[in-house]
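Student: Below is the file query-v5.pdb, with PDB, N, CA, C and O atoms.
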```
MODEL        1
ATOM      1  N   MET A 807     -46.217  35.806  17.458
ATOM      2  CA  MET A 807     -44.988  35.134  17.796
ATOM      3  C   MET A 807     -44.505  34.399  16.555
ATOM      4  O   MET A 807     -45.191  33.552  16.018
ATOM      5  N   CYS A 808     -43.333  34.740  16.102
ATOM      6  CA  CYS A 808     -42.767  34.142  14.902
ATOM      7  C   CYS A 808     -41.571  33.292  15.300
ATOM      8  O   CYS A 808     -40.563  33.807  15.778
ATOM      9  N   LEU A 809     -41.692  31.985  15.124
ATOM     10  CA  LEU A 809     -40.638  31.063  15.522
ATOM     11  C   LEU A 809     -40.104  30.332  14.297
ATOM     12  O   LEU A 809     -40.821  30.112  13.323
ATOM     13  N   CYS A 810     -38.850  29.907  14.379
ATOM     14  CA  CYS A 810     -38.278  29.102  13.310
ATOM     15  C   CYS A 810     -38.868  27.690  13.382
ATOM     16  O   CYS A 810     -39.599  27.342  14.310
ATOM     17  N   GLU A 811     -38.543  26.884  12.393
ATOM     18  CA  GLU A 811     -39.105  25.528  12.320
ATOM     19  C   GLU A 811     -38.685  24.675  13.516
ATOM     20  O   GLU A 811     -39.494  23.938  14.080
ATOM     21  N   LYS A 812     -37.433  24.799  13.920
ATOM     22  CA  LYS A 812     -36.919  24.007  15.046
ATOM     23  C   LYS A 812     -37.650  24.369  16.345
ATOM     24  O   LYS A 812     -38.077  23.493  17.095
ATOM     25  N   CYS A 813     -37.817  25.656  16.599
ATOM     26  CA  CYS A 813     -38.484  26.092  17.826
ATOM     27  C   CYS A 813     -39.970  25.753  17.800
ATOM     28  O   CYS A 813     -40.548  25.413  18.828
ATOM     29  N   THR A 814     -40.589  25.815  16.627
ATOM     30  CA  THR A 814     -41.994  25.447  16.500
ATOM     31  C   THR A 814     -42.193  23.968  16.810
ATOM     32  O   THR A 814     -43.122  23.591  17.527
ATOM     33  N   LYS A 815     -41.306  23.115  16.293
ATOM     34  CA  LYS A 815     -41.396  21.680  16.573
ATOM     35  C   LYS A 815     -41.166  21.395  18.050
ATOM     36  O   LYS A 815     -41.864  20.573  18.651
ATOM     37  N   THR A 816     -40.199  22.066  18.651
ATOM     38  CA  THR A 816     -39.913  21.862  20.070
ATOM     39  C   THR A 816     -41.114  22.253  20.929
ATOM     40  O   THR A 816     -41.504  21.509  21.837
ATOM     41  N   CYS A 817     -41.707  23.408  20.646
ATOM     42  CA  CYS A 817     -42.894  23.836  21.402
ATOM     43  C   CYS A 817     -44.054  22.875  21.179
ATOM     44  O   CYS A 817     -44.812  22.585  22.105
ATOM     45  N   GLY A 818     -44.194  22.367  19.965
ATOM     46  CA  GLY A 818     -45.248  21.401  19.680
ATOM     47  C   GLY A 818     -45.085  20.122  20.473
ATOM     48  O   GLY A 818     -46.060  19.577  21.007
ATOM     49  N   VAL A 819     -43.866  19.641  20.575
ATOM     50  CA  VAL A 819     -43.595  18.426  21.343
ATOM     51  C   VAL A 819     -43.878  18.665  22.830
ATOM     52  O   VAL A 819     -44.472  17.819  23.505
ATOM     53  N   VAL A 820     -43.485  19.826  23.335
ATOM     54  CA  VAL A 820     -43.744  20.145  24.741
ATOM     55  C   VAL A 820     -45.242  20.226  25.000
ATOM     56  O   VAL A 820     -45.744  19.708  26.002
ATOM     57  N   PHE A 821     -45.997  20.867  24.098
ATOM     58  CA  PHE A 821     -47.451  20.933  24.240
ATOM     59  C   PHE A 821     -48.069  19.536  24.221
ATOM     60  O   PHE A 821     -48.992  19.246  24.982
ATOM     61  N   LEU A 822     -47.572  18.669  23.351
ATOM     62  CA  LEU A 822     -48.085  17.304  23.278
ATOM     63  C   LEU A 822     -47.831  16.552  24.583
ATOM     64  O   LEU A 822     -48.728  15.890  25.116
ATOM     65  N   ILE A 823     -46.638  16.662  25.115
ATOM     66  CA  ILE A 823     -46.307  15.971  26.361
ATOM     67  C   ILE A 823     -47.161  16.483  27.516
ATOM     68  O   ILE A 823     -47.727  15.693  28.282
ATOM     69  N   VAL A 824     -47.294  17.801  27.621
ATOM     70  CA  VAL A 824     -48.107  18.360  28.701
ATOM     71  C   VAL A 824     -49.577  17.983  28.513
ATOM     72  O   VAL A 824     -50.280  17.680  29.476
ATOM     73  N   GLY A 825     -50.040  17.957  27.269
ATOM     74  CA  GLY A 825     -51.414  17.539  27.001
ATOM     75  C   GLY A 825     -51.670  16.097  27.407
ATOM     76  O   GLY A 825     -52.708  15.780  27.995
ATOM     77  N   ILE A 826     -50.722  15.224  27.136
ATOM     78  CA  ILE A 826     -50.855  13.817  27.537
ATOM     79  C   ILE A 826     -50.854  13.695  29.055
ATOM     80  O   ILE A 826     -51.633  12.927  29.626
ATOM     81  N   LEU A 827     -49.998  14.473  29.723
ATOM     82  CA  LEU A 827     -49.977  14.443  31.187
ATOM     83  C   LEU A 827     -51.314  14.881  31.783
ATOM     84  O   LEU A 827     -51.830  14.262  32.713
ATOM     85  N   PHE A 828     -51.905  15.926  31.221
ATOM     86  CA  PHE A 828     -53.200  16.373  31.725
ATOM     87  C   PHE A 828     -54.317  15.399  31.365
ATOM     88  O   PHE A 828     -55.284  15.262  32.106
ATOM     89  N   LEU A 829     -54.192  14.709  30.243
ATOM     90  CA  LEU A 829     -55.158  13.675  29.897
ATOM     91  C   LEU A 829     -55.090  12.533  30.907
ATOM     92  O   LEU A 829     -56.124  12.039  31.371
ATOM     93  N   LEU A 830     -53.884  12.121  31.265
ATOM     94  CA  LEU A 830     -53.718  11.083  32.280
ATOM     95  C   LEU A 830     -54.263  11.538  33.629
ATOM     96  O   LEU A 830     -54.851  10.743  34.367
ATOM     97  N   LYS A 831     -54.090  12.816  33.933
ATOM     98  CA  LYS A 831     -54.641  13.358  35.182
ATOM     99  C   LYS A 831     -56.171  13.338  35.143
ATOM    100  O   LYS A 831     -56.819  12.990  36.132
ATOM    101  N   ASP A 832     -56.769  13.688  33.992
ATOM    102  CA  ASP A 832     -58.229  13.676  33.866
ATOM    103  C   ASP A 832     -58.801  12.270  33.999
ATOM    104  O   ASP A 832     -59.890  12.092  34.544
ATOM    105  N   PHE A 833     -58.082  11.276  33.511
ATOM    106  CA  PHE A 833     -58.533   9.892  33.612
ATOM    107  C   PHE A 833     -58.260   9.294  34.988
ATOM    108  O   PHE A 833     -58.655   8.173  35.274
ATOM    109  N   GLY A 834     -57.552  10.019  35.830
ATOM    110  CA  GLY A 834     -57.250   9.534  37.171
ATOM    111  C   GLY A 834     -56.147   8.501  37.202
ATOM    112  O   GLY A 834     -55.972   7.801  38.192
ATOM    113  N   ILE A 835     -55.380   8.400  36.112
ATOM    114  CA  ILE A 835     -54.294   7.424  36.048
ATOM    115  C   ILE A 835     -53.062   7.931  36.790
ATOM    116  O   ILE A 835     -52.393   7.183  37.492
ATOM    117  N   TRP A 836     -52.784   9.218  36.628
ATOM    118  CA  TRP A 836     -51.587   9.769  37.242
ATOM    119  C   TRP A 836     -51.881  11.164  37.741
ATOM    120  O   TRP A 836     -52.264  12.042  36.969
ATOM    121  N   ASP A 837     -51.719  11.395  39.018
ATOM    122  CA  ASP A 837     -51.946  12.706  39.606
ATOM    123  C   ASP A 837     -50.587  13.319  39.894
ATOM    124  O   ASP A 837     -49.984  13.076  40.927
ATOM    125  N   PHE A 838     -50.083  14.112  38.950
ATOM    126  CA  PHE A 838     -48.724  14.608  39.079
ATOM    127  C   PHE A 838     -48.645  15.884  39.892
ATOM    128  O   PHE A 838     -48.328  15.852  41.058
ATOM    129  N   TRP A 839     -48.966  17.030  39.348
ATOM    130  CA  TRP A 839     -48.936  18.274  40.100
ATOM    131  C   TRP A 839     -50.347  18.776  40.256
ATOM    132  O   TRP A 839     -51.228  18.452  39.495
ATOM    133  N   ASN A 840     -50.538  19.612  41.201
ATOM    134  CA  ASN A 840     -51.854  20.187  41.423
ATOM    135  C   ASN A 840     -51.912  21.586  40.790
ATOM    136  O   ASN A 840     -52.115  22.579  41.471
ATOM    137  N   ILE A 841     -51.681  21.651  39.459
ATOM    138  CA  ILE A 841     -51.757  22.924  38.746
ATOM    139  C   ILE A 841     -52.852  22.828  37.699
ATOM    140  O   ILE A 841     -53.227  21.747  37.253
ATOM    141  N   ASN A 842     -53.364  23.982  37.315
ATOM    142  CA  ASN A 842     -54.402  24.040  36.284
ATOM    143  C   ASN A 842     -53.768  24.012  34.906
ATOM    144  O   ASN A 842     -52.600  24.378  34.725
ATOM    145  N   TRP A 843     -54.545  23.619  33.915
ATOM    146  CA  TRP A 843     -54.017  23.503  32.557
ATOM    147  C   TRP A 843     -53.609  24.857  32.001
ATOM    148  O   TRP A 843     -52.654  24.968  31.260
ATOM    149  N   TRP A 844     -54.346  25.918  32.355
ATOM    150  CA  TRP A 844     -54.005  27.226  31.794
ATOM    151  C   TRP A 844     -52.700  27.754  32.379
ATOM    152  O   TRP A 844     -51.984  28.497  31.718
ATOM    153  N   THR A 845     -52.360  27.357  33.580
ATOM    154  CA  THR A 845     -51.068  27.738  34.146
ATOM    155  C   THR A 845     -49.947  27.083  33.345
ATOM    156  O   THR A 845     -48.944  27.729  33.029
ATOM    157  N   ALA A 846     -50.126  25.825  32.992
ATOM    158  CA  ALA A 846     -49.124  25.122  32.190
ATOM    159  C   ALA A 846     -48.983  25.765  30.814
ATOM    160  O   ALA A 846     -47.867  25.914  30.301
ATOM    161  N   VAL A 847     -50.093  26.191  30.214
ATOM    162  CA  VAL A 847     -50.042  26.837  28.894
ATOM    163  C   VAL A 847     -49.271  28.151  28.973
ATOM    164  O   VAL A 847     -48.408  28.427  28.127
ATOM    165  N   PHE A 848     -49.554  28.966  29.987
ATOM    166  CA  PHE A 848     -48.833  30.229  30.129
ATOM    167  C   PHE A 848     -47.346  29.996  30.357
ATOM    168  O   PHE A 848     -46.500  30.727  29.820
ATOM    169  N   LEU A 849     -46.993  28.991  31.143
ATOM    170  CA  LEU A 849     -45.585  28.686  31.372
ATOM    171  C   LEU A 849     -44.888  28.233  30.092
ATOM    172  O   LEU A 849     -43.758  28.645  29.812
ATOM    173  N   ILE A 850     -45.557  27.404  29.312
ATOM    174  CA  ILE A 850     -44.967  26.922  28.056
ATOM    175  C   ILE A 850     -44.797  28.067  27.069
ATOM    176  O   ILE A 850     -43.758  28.190  26.411
ATOM    177  N   LEU A 851     -45.819  28.921  26.937
ATOM    178  CA  LEU A 851     -45.714  30.058  26.023
ATOM    179  C   LEU A 851     -44.615  31.021  26.455
ATOM    180  O   LEU A 851     -43.854  31.524  25.615
ATOM    181  N   GLY A 852     -44.515  31.266  27.737
ATOM    182  CA  GLY A 852     -43.461  32.140  28.235
ATOM    183  C   GLY A 852     -42.080  31.557  28.012
ATOM    184  O   GLY A 852     -41.152  32.262  27.602
ATOM    185  N   LEU A 853     -41.945  30.269  28.260
ATOM    186  CA  LEU A 853     -40.667  29.604  28.032
ATOM    187  C   LEU A 853     -40.291  29.610  26.549
ATOM    188  O   LEU A 853     -39.141  29.862  26.192
ATOM    189  N   GLY A 854     -41.274  29.366  25.690
ATOM    190  CA  GLY A 854     -41.008  29.394  24.247
ATOM    191  C   GLY A 854     -40.594  30.769  23.765
ATOM    192  O   GLY A 854     -39.672  30.910  22.950
ATOM    193  N   ALA A 855     -41.253  31.814  24.269
ATOM    194  CA  ALA A 855     -40.894  33.178  23.883
ATOM    195  C   ALA A 855     -39.504  33.536  24.401
ATOM    196  O   ALA A 855     -38.706  34.166  23.699
ATOM    197  N   PHE A 856     -39.205  33.122  25.632
ATOM    198  CA  PHE A 856     -37.895  33.408  26.204
ATOM    199  C   PHE A 856     -36.788  32.687  25.437
ATOM    200  O   PHE A 856     -35.747  33.269  25.146
ATOM    201  N   CYS A 857     -37.011  31.430  25.105
ATOM    202  CA  CYS A 857     -35.988  30.651  24.395
ATOM    203  C   CYS A 857     -35.792  31.124  22.957
ATOM    204  O   CYS A 857     -34.698  31.042  22.413
ATOM    205  N   SER A 858     -36.844  31.629  22.327
ATOM    206  CA  SER A 858     -36.714  32.073  20.937
ATOM    207  C   SER A 858     -35.857  33.332  20.827
ATOM    208  O   SER A 858     -35.337  33.626  19.749
ATOM    209  N   THR A 859     -35.690  34.071  21.923
ATOM    210  CA  THR A 859     -34.842  35.264  21.865
ATOM    211  C   THR A 859     -33.367  34.896  21.754
ATOM    212  O   THR A 859     -32.568  35.722  21.321
ATOM    213  N   GLY A 860     -33.004  33.678  22.110
ATOM    214  CA  GLY A 860     -31.620  33.238  21.999
ATOM    215  C   GLY A 860     -31.342  32.413  20.753
ATOM    216  O   GLY A 860     -30.207  32.026  20.516
ATOM    217  N   CYS A 861     -32.362  32.158  19.952
ATOM    218  CA  CYS A 861     -32.207  31.338  18.750
ATOM    219  C   CYS A 861     -31.827  32.227  17.565
ATOM    220  O   CYS A 861     -32.558  33.161  17.230
ATOM    221  N   PRO A 862     -30.699  31.946  16.897
ATOM    222  CA  PRO A 862     -30.278  32.776  15.759
ATOM    223  C   PRO A 862     -31.285  32.759  14.605
ATOM    224  O   PRO A 862     -31.485  33.782  13.946
ATOM    225  N   GLU A 863     -31.908  31.616  14.363
ATOM    226  CA  GLU A 863     -32.876  31.534  13.262
ATOM    227  C   GLU A 863     -34.119  32.371  13.561
ATOM    228  O   GLU A 863     -34.657  33.023  12.680
ATOM    229  N   CYS A 864     -34.579  32.346  14.812
ATOM    230  CA  CYS A 864     -35.738  33.160  15.194
ATOM    231  C   CYS A 864     -35.403  34.640  15.109
ATOM    232  O   CYS A 864     -36.242  35.453  14.693
ATOM    233  N   LYS A 865     -34.185  34.997  15.517
ATOM    234  CA  LYS A 865     -33.754  36.396  15.421
ATOM    235  C   LYS A 865     -33.755  36.858  13.965
ATOM    236  O   LYS A 865     -34.157  37.974  13.662
ATOM    237  N   ALA A 866     -33.300  35.990  13.064
ATOM    238  CA  ALA A 866     -33.268  36.347  11.643
ATOM    239  C   ALA A 866     -34.699  36.535  11.109
ATOM    240  O   ALA A 866     -34.936  37.427  10.300
ATOM    241  N   LEU A 867     -35.629  35.706  11.568
ATOM    242  CA  LEU A 867     -37.023  35.862  11.138
ATOM    243  C   LEU A 867     -37.619  37.163  11.649
ATOM    244  O   LEU A 867     -38.406  37.808  10.961
ATOM    245  N   HIS A 868     -37.263  37.557  12.859
ATOM    246  CA  HIS A 868     -37.775  38.813  13.425
ATOM    247  C   HIS A 868     -37.214  40.018  12.685
ATOM    248  O   HIS A 868     -37.887  41.034  12.534
ATOM    249  N   LYS A 869     -35.966  39.919  12.212
ATOM    250  CA  LYS A 869     -35.353  41.034  11.488
ATOM    251  C   LYS A 869     -36.010  41.226  10.119
ATOM    252  O   LYS A 869     -36.057  42.339   9.611
ATOM    253  N   LYS A 870     -36.502  40.131   9.502
ATOM    254  CA  LYS A 870     -37.150  40.228   8.194
ATOM    255  C   LYS A 870     -38.458  40.984   8.261
ATOM    256  O   LYS A 870     -38.876  41.576   7.302
ATOM    257  N   LYS A 871     -39.109  40.948   9.419
ATOM    258  CA  LYS A 871     -40.390  41.631   9.590
ATOM    259  C   LYS A 871     -40.150  43.082   9.618
ATOM    260  O   LYS A 871     -40.252  44.039   9.449
TER     261      LYS A 871
ENDMDL
END
```
Using structure tokens, write down the structure from this file.

Tutor:
Amino acid sequence: MCLCEKCTKTCGVVFLIVGILFLLKDFGIWDFWNINWWTAVFLILGLGAFCSTGCPECKALHKKK
């Protein structure tokens, strides 16, 4: 998966937020959804791949390959 800098930063921020949410769930501070961590990872990766198809910079990177 080849993403531009903007999309890479956005996915990184989303991963950080979801990671913090699951950390809070593990500590018993906040019980938000009853989903597994790997389900959240697959959803984030799928969303990132779907969104990168509409990004002009990501499209340009794919054409260079």

Student: What residues come out when you apply the PyMOL selection byres (((chain A and resi 846 and name CA) around 12) and name CA) to this file, written as a list in words?

Tutor: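 Output from the PyMOL selection byres (((chain A and resi 846 and name CA) around 12) and name CA), applied to this file: Val820, Phe821, Leu822, Ile823, Val824, Gly825, Leu827, Phe828, Trp839, Asn840, Ile841, Asn842, Trp843, Trp844, Thr845, Val847, Phe848, Leu849, Ile850, Leu851, Gly852 and Leu853 of chain A.
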
Student: Give me the box for stretch 845-852 of chain A as lines of an AutoDock Vina configuration file, namely the centre and edge lengths in Å to one decimal of a box along x, y and z that holds every listed atom plus 3 Å on each side.

Tutor:
```
center_x = -46.8
center_y = 28.7
center_z = 29.9
size_x = 17.2
size_y = 13.1
size_z = 14.5
```

Student: Could you pull the residues within 5 Å of stretch 859-866 of chain A, counting all atoms listed in the file, minus those fewer than 3 positions along the same chain, as JSON, numbers by chain?

Tutor: {"A": [808, 810, 855, 856, 869, 870]}

Student: Quick check, in Å to one decimal: how far apart do atom N of A:Thr814 and atom CA of A:Ser858 lie?

Tutor: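 Straight-line distance from atom N of A:Thr814 to atom CA of A:Ser858 works out to 8.5 Å.
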
Student: Report, in Å with one decimal, the straight-line distance from atom N of A:Cys817 to atom O of A:Phe833.

Tutor: 27.1 Å

Student: For atom N of A:Cys857 and atom N of A:Cys813, determine how far apart the two atoms are, in Å to one decimal place.

Tutor: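 Taking atom N of A:Cys857 and atom N of A:Cys813, their separation equals 10.3 Å.
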
Student: If you run DSSP on the backbone, which residues of chain A are alpha helix (DSSP H), as a PyMOL selection string?

Tutor: chain A and resi 811-832+843-858+862-870
